[in-house]
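Data from upload35.cif: mmCIF, C-alpha atoms, pLDDT in the B column; chains and numbers go by the auth columns
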data_work
#
loop_
_atom_site.group_PDB
_atom_site.id
_atom_site.type_symbol
_atom_site.label_atom_id
_atom_site.label_comp_id
_atom_site.label_asym_id
_atom_site.label_seq_id
_atom_site.Cartn_x
_atom_site.Cartn_y
_atom_site.Cartn_z
_atom_site.B_iso_or_equiv
_atom_site.auth_seq_id
_atom_site.auth_asym_id
ATOM 1 C CA MET A 1 0.000 0.000 0.000 57.00 1 D
ATOM 2 C CA THR A 2 1.343 3.421 -0.898 63.00 2 D
ATOM 3 C CA GLU A 3 1.122 6.547 1.165 67.00 3 D
ATOM 4 C CA GLY A 4 -2.300 8.145 0.985 71.00 4 D
ATOM 5 C CA GLU A 5 -4.126 4.892 0.255 84.00 5 D
ATOM 6 C CA ARG A 6 -6.530 3.475 2.780 88.00 6 D
ATOM 7 C CA LEU A 7 -7.923 0.042 3.437 93.00 7 D
ATOM 8 C CA PRO A 8 -11.460 -0.535 2.162 90.00 8 D
ATOM 9 C CA THR A 9 -14.207 -0.523 4.747 95.00 9 D
ATOM 10 C CA GLU A 10 -16.272 -3.590 5.571 95.00 10 D
ATOM 11 C CA LYS A 11 -19.195 -2.030 3.695 96.00 11 D
ATOM 12 C CA GLU A 12 -17.028 -1.449 0.594 95.00 12 D
ATOM 13 C CA LEU A 13 -15.767 -5.037 0.693 96.00 13 D
ATOM 14 C CA LYS A 14 -19.314 -6.390 0.962 97.00 14 D
ATOM 15 C CA GLU A 15 -20.437 -4.212 -1.940 97.00 15 D
ATOM 16 C CA GLU A 16 -17.542 -5.394 -4.106 96.00 16 D
ATOM 17 C CA ASP A 17 -18.336 -9.006 -3.204 97.00 17 D
ATOM 18 C CA ARG A 18 -21.965 -8.426 -4.198 98.00 18 D
ATOM 19 C CA ARG A 19 -20.900 -6.979 -7.564 97.00 19 D
ATOM 20 C CA ILE A 20 -18.532 -9.916 -8.176 97.00 20 D
ATOM 21 C CA ARG A 21 -21.311 -12.427 -7.457 98.00 21 D
ATOM 22 C CA HIS A 22 -23.665 -10.527 -9.764 98.00 22 D
ATOM 23 C CA LEU A 23 -21.081 -10.523 -12.564 98.00 23 D
ATOM 24 C CA ARG A 24 -20.478 -14.261 -12.140 97.00 24 D
ATOM 25 C CA ARG A 25 -24.207 -14.934 -12.424 98.00 25 D
ATOM 26 C CA MET A 26 -24.381 -12.822 -15.580 98.00 26 D
ATOM 27 C CA VAL A 27 -21.381 -14.643 -17.073 98.00 27 D
ATOM 28 C CA ASP A 28 -22.988 -18.014 -16.301 98.00 28 D
ATOM 29 C CA PHE A 29 -26.316 -16.833 -17.739 98.00 29 D
ATOM 30 C CA THR A 30 -24.661 -15.574 -20.929 98.00 30 D
ATOM 31 C CA VAL A 31 -22.726 -18.817 -21.366 98.00 31 D
ATOM 32 C CA MET A 32 -25.881 -20.910 -20.875 98.00 32 D
ATOM 33 C CA LEU A 33 -27.820 -18.667 -23.270 98.00 33 D
ATOM 34 C CA ILE A 34 -25.189 -19.081 -25.987 97.00 34 D
ATOM 35 C CA ILE A 35 -24.691 -22.811 -25.479 96.00 35 D
ATOM 36 C CA GLY A 36 -28.380 -23.544 -25.037 96.00 36 D
ATOM 37 C CA SER A 37 -29.581 -21.668 -28.122 95.00 37 D
ATOM 38 C CA PRO A 38 -28.824 -23.890 -31.107 93.00 38 D
ATOM 39 C CA GLU A 39 -30.308 -21.411 -33.597 95.00 39 D
ATOM 40 C CA MET A 40 -28.390 -18.380 -32.272 96.00 40 D
ATOM 41 C CA PRO A 41 -26.141 -16.943 -34.984 97.00 41 D
ATOM 42 C CA ALA A 42 -22.509 -16.157 -34.215 96.00 42 D
ATOM 43 C CA GLU A 43 -23.108 -12.414 -34.550 97.00 43 D
ATOM 44 C CA GLU A 44 -25.804 -12.482 -31.863 98.00 44 D
ATOM 45 C CA ALA A 45 -23.617 -14.545 -29.527 98.00 45 D
ATOM 46 C CA SER A 46 -20.786 -12.062 -30.042 97.00 46 D
ATOM 47 C CA ARG A 47 -23.172 -9.207 -29.208 98.00 47 D
ATOM 48 C CA HIS A 48 -24.122 -10.960 -25.960 98.00 48 D
ATOM 49 C CA VAL A 49 -20.450 -11.289 -25.039 98.00 49 D
ATOM 50 C CA ALA A 50 -19.830 -7.610 -25.866 98.00 50 D
ATOM 51 C CA ALA A 51 -22.855 -6.589 -23.765 98.00 51 D
ATOM 52 C CA LEU A 52 -21.559 -8.717 -20.901 98.00 52 D
ATOM 53 C CA ARG A 53 -18.179 -6.990 -21.115 98.00 53 D
ATOM 54 C CA ASP A 54 -19.872 -3.570 -21.107 98.00 54 D
ATOM 55 C CA PHE A 55 -21.897 -4.629 -18.059 98.00 55 D
ATOM 56 C CA ALA A 56 -18.715 -5.737 -16.257 98.00 56 D
ATOM 57 C CA ILE A 57 -17.028 -2.416 -17.032 97.00 57 D
ATOM 58 C CA ARG A 58 -20.008 -0.545 -15.590 97.00 58 D
ATOM 59 C CA LEU A 59 -19.727 -2.639 -12.416 97.00 59 D
ATOM 60 C CA PHE A 60 -15.941 -2.250 -12.252 97.00 60 D
ATOM 61 C CA PRO A 61 -14.877 0.919 -14.114 97.00 61 D
ATOM 62 C CA GLY A 62 -11.296 0.853 -15.354 95.00 62 D
ATOM 63 C CA LYS A 63 -10.962 -2.910 -14.868 95.00 63 D
ATOM 64 C CA GLU A 64 -11.664 -4.109 -18.407 95.00 64 D
ATOM 65 C CA HIS A 65 -8.241 -5.765 -18.520 97.00 65 D
ATOM 66 C CA VAL A 66 -9.269 -7.941 -15.566 96.00 66 D
ATOM 67 C CA PHE A 67 -12.462 -9.022 -17.355 97.00 67 D
ATOM 68 C CA ASP A 68 -10.468 -9.794 -20.507 97.00 68 D
ATOM 69 C CA MET A 69 -7.935 -11.809 -18.539 97.00 69 D
ATOM 70 C CA VAL A 70 -10.406 -13.717 -16.325 97.00 70 D
ATOM 71 C CA TYR A 71 -13.403 -14.275 -18.594 97.00 71 D
ATOM 72 C CA GLY A 72 -12.027 -13.583 -22.088 96.00 72 D
ATOM 73 C CA PRO A 73 -10.423 -17.003 -22.645 97.00 73 D
ATOM 74 C CA ARG A 74 -13.540 -18.871 -21.471 97.00 74 D
ATOM 75 C CA LEU A 75 -15.875 -16.808 -23.656 97.00 75 D
ATOM 76 C CA ARG A 76 -13.594 -17.077 -26.716 96.00 76 D
ATOM 77 C CA ARG A 77 -13.372 -20.854 -26.228 96.00 77 D
ATOM 78 C CA ILE A 78 -17.166 -21.153 -26.045 96.00 78 D
ATOM 79 C CA LEU A 79 -17.653 -19.068 -29.190 96.00 79 D
ATOM 80 C CA ASN A 80 -14.932 -21.017 -30.966 96.00 80 D
ATOM 81 C CA ASP A 81 -16.381 -24.384 -29.956 95.00 81 D
ATOM 82 C CA LYS A 82 -19.909 -23.457 -30.956 95.00 82 D
ATOM 83 C CA PHE A 83 -19.178 -21.566 -34.162 93.00 83 D
ATOM 84 C CA ARG A 84 -15.708 -22.883 -35.086 86.00 84 D
ATOM 85 C CA MET A 85 -14.397 -19.318 -34.974 63.00 85 D
ATOM 86 C CA SER A 86 -10.689 -18.583 -34.979 47.00 86 D
#
Take the structure in the file and write it out as structure tokens.
Amino acid sequence: MTEGERLPTEKELKEEDRRIRHLRRMVDFTVMLIIGSPEMPAEEASRHVAALRDFAIRLFPGKEHVFDMVYGPRLRRILNDKFRMS
């Protein structure tokens, strides 16, 4: 920790935990929607992934790199497996 920084409060930690759980549920929902919709075109699935990323950035501003690192590989693999994308 650098000078001037402070530890998060209990309330802030609980709020962050709530947002993380909400994001995980949305990721799981998006994955199930894509996998469970055999007629969904690749473009629509890609739009769902982009909307999910936008949602995550709204929950955690400035942390898009974390989303890309944590969820990006899983989402790319799902799109690739379903649509044989490269």
Q: Name the residues in contact with region 21-30 of chain D at a cut-off of 7 Å, using only C-alpha atoms, excluding same-chain residues fewer than 4 positions from it; report them as a VMD selection string.
A: chain D and resid 17 34 48 56
Q | Nearest-residue call for Ala45 (chain D), choices D:Leu75, D:Val70, D:Arg19, D:Lys14, using all atoms listed in the file | A | D:Leu75
(Q) One number please: CA of Ala51 (chain D) to CA of Arg77 (chain D), in Å, one decimal. (A) 17.3 Å
Q | Distance of CA of Leu59 (chain D) from CA of Glu43 (chain D), expressed in Å to one decimal place | A |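 Taking CA of Glu43 (chain D) as the start and CA of Leu59 (chain D) as the end point, the length is 24.4 Å.
If you look at CA of Arg84 (chain D) and CA of Gly36 (chain D), they are 16.2 Å away from each other.
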Q. What lies within 12 Å of Ser46 (chain D) using all atoms listed in the file, ignoring chain neighbours under 3 positions off, as an MDAnalysis selection string?
A. chainID D and resid 30:31 33:34 40:43 49:53 72 75:76 78:80 82:83 85
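Of the listed residues D:Glu5, D:Asp54, D:Phe67, D:Gly62, the one whose atoms come nearest to Ile20 (chain D) is D:Phe67, with distances taken using only C-alpha atoms.
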Q) Taking all atoms listed in the file into account, which of D:Gly4, D:Phe60, D:Ser37, D:Glu44 comes nearest Arg18 (chain D)? A) D:Phe60
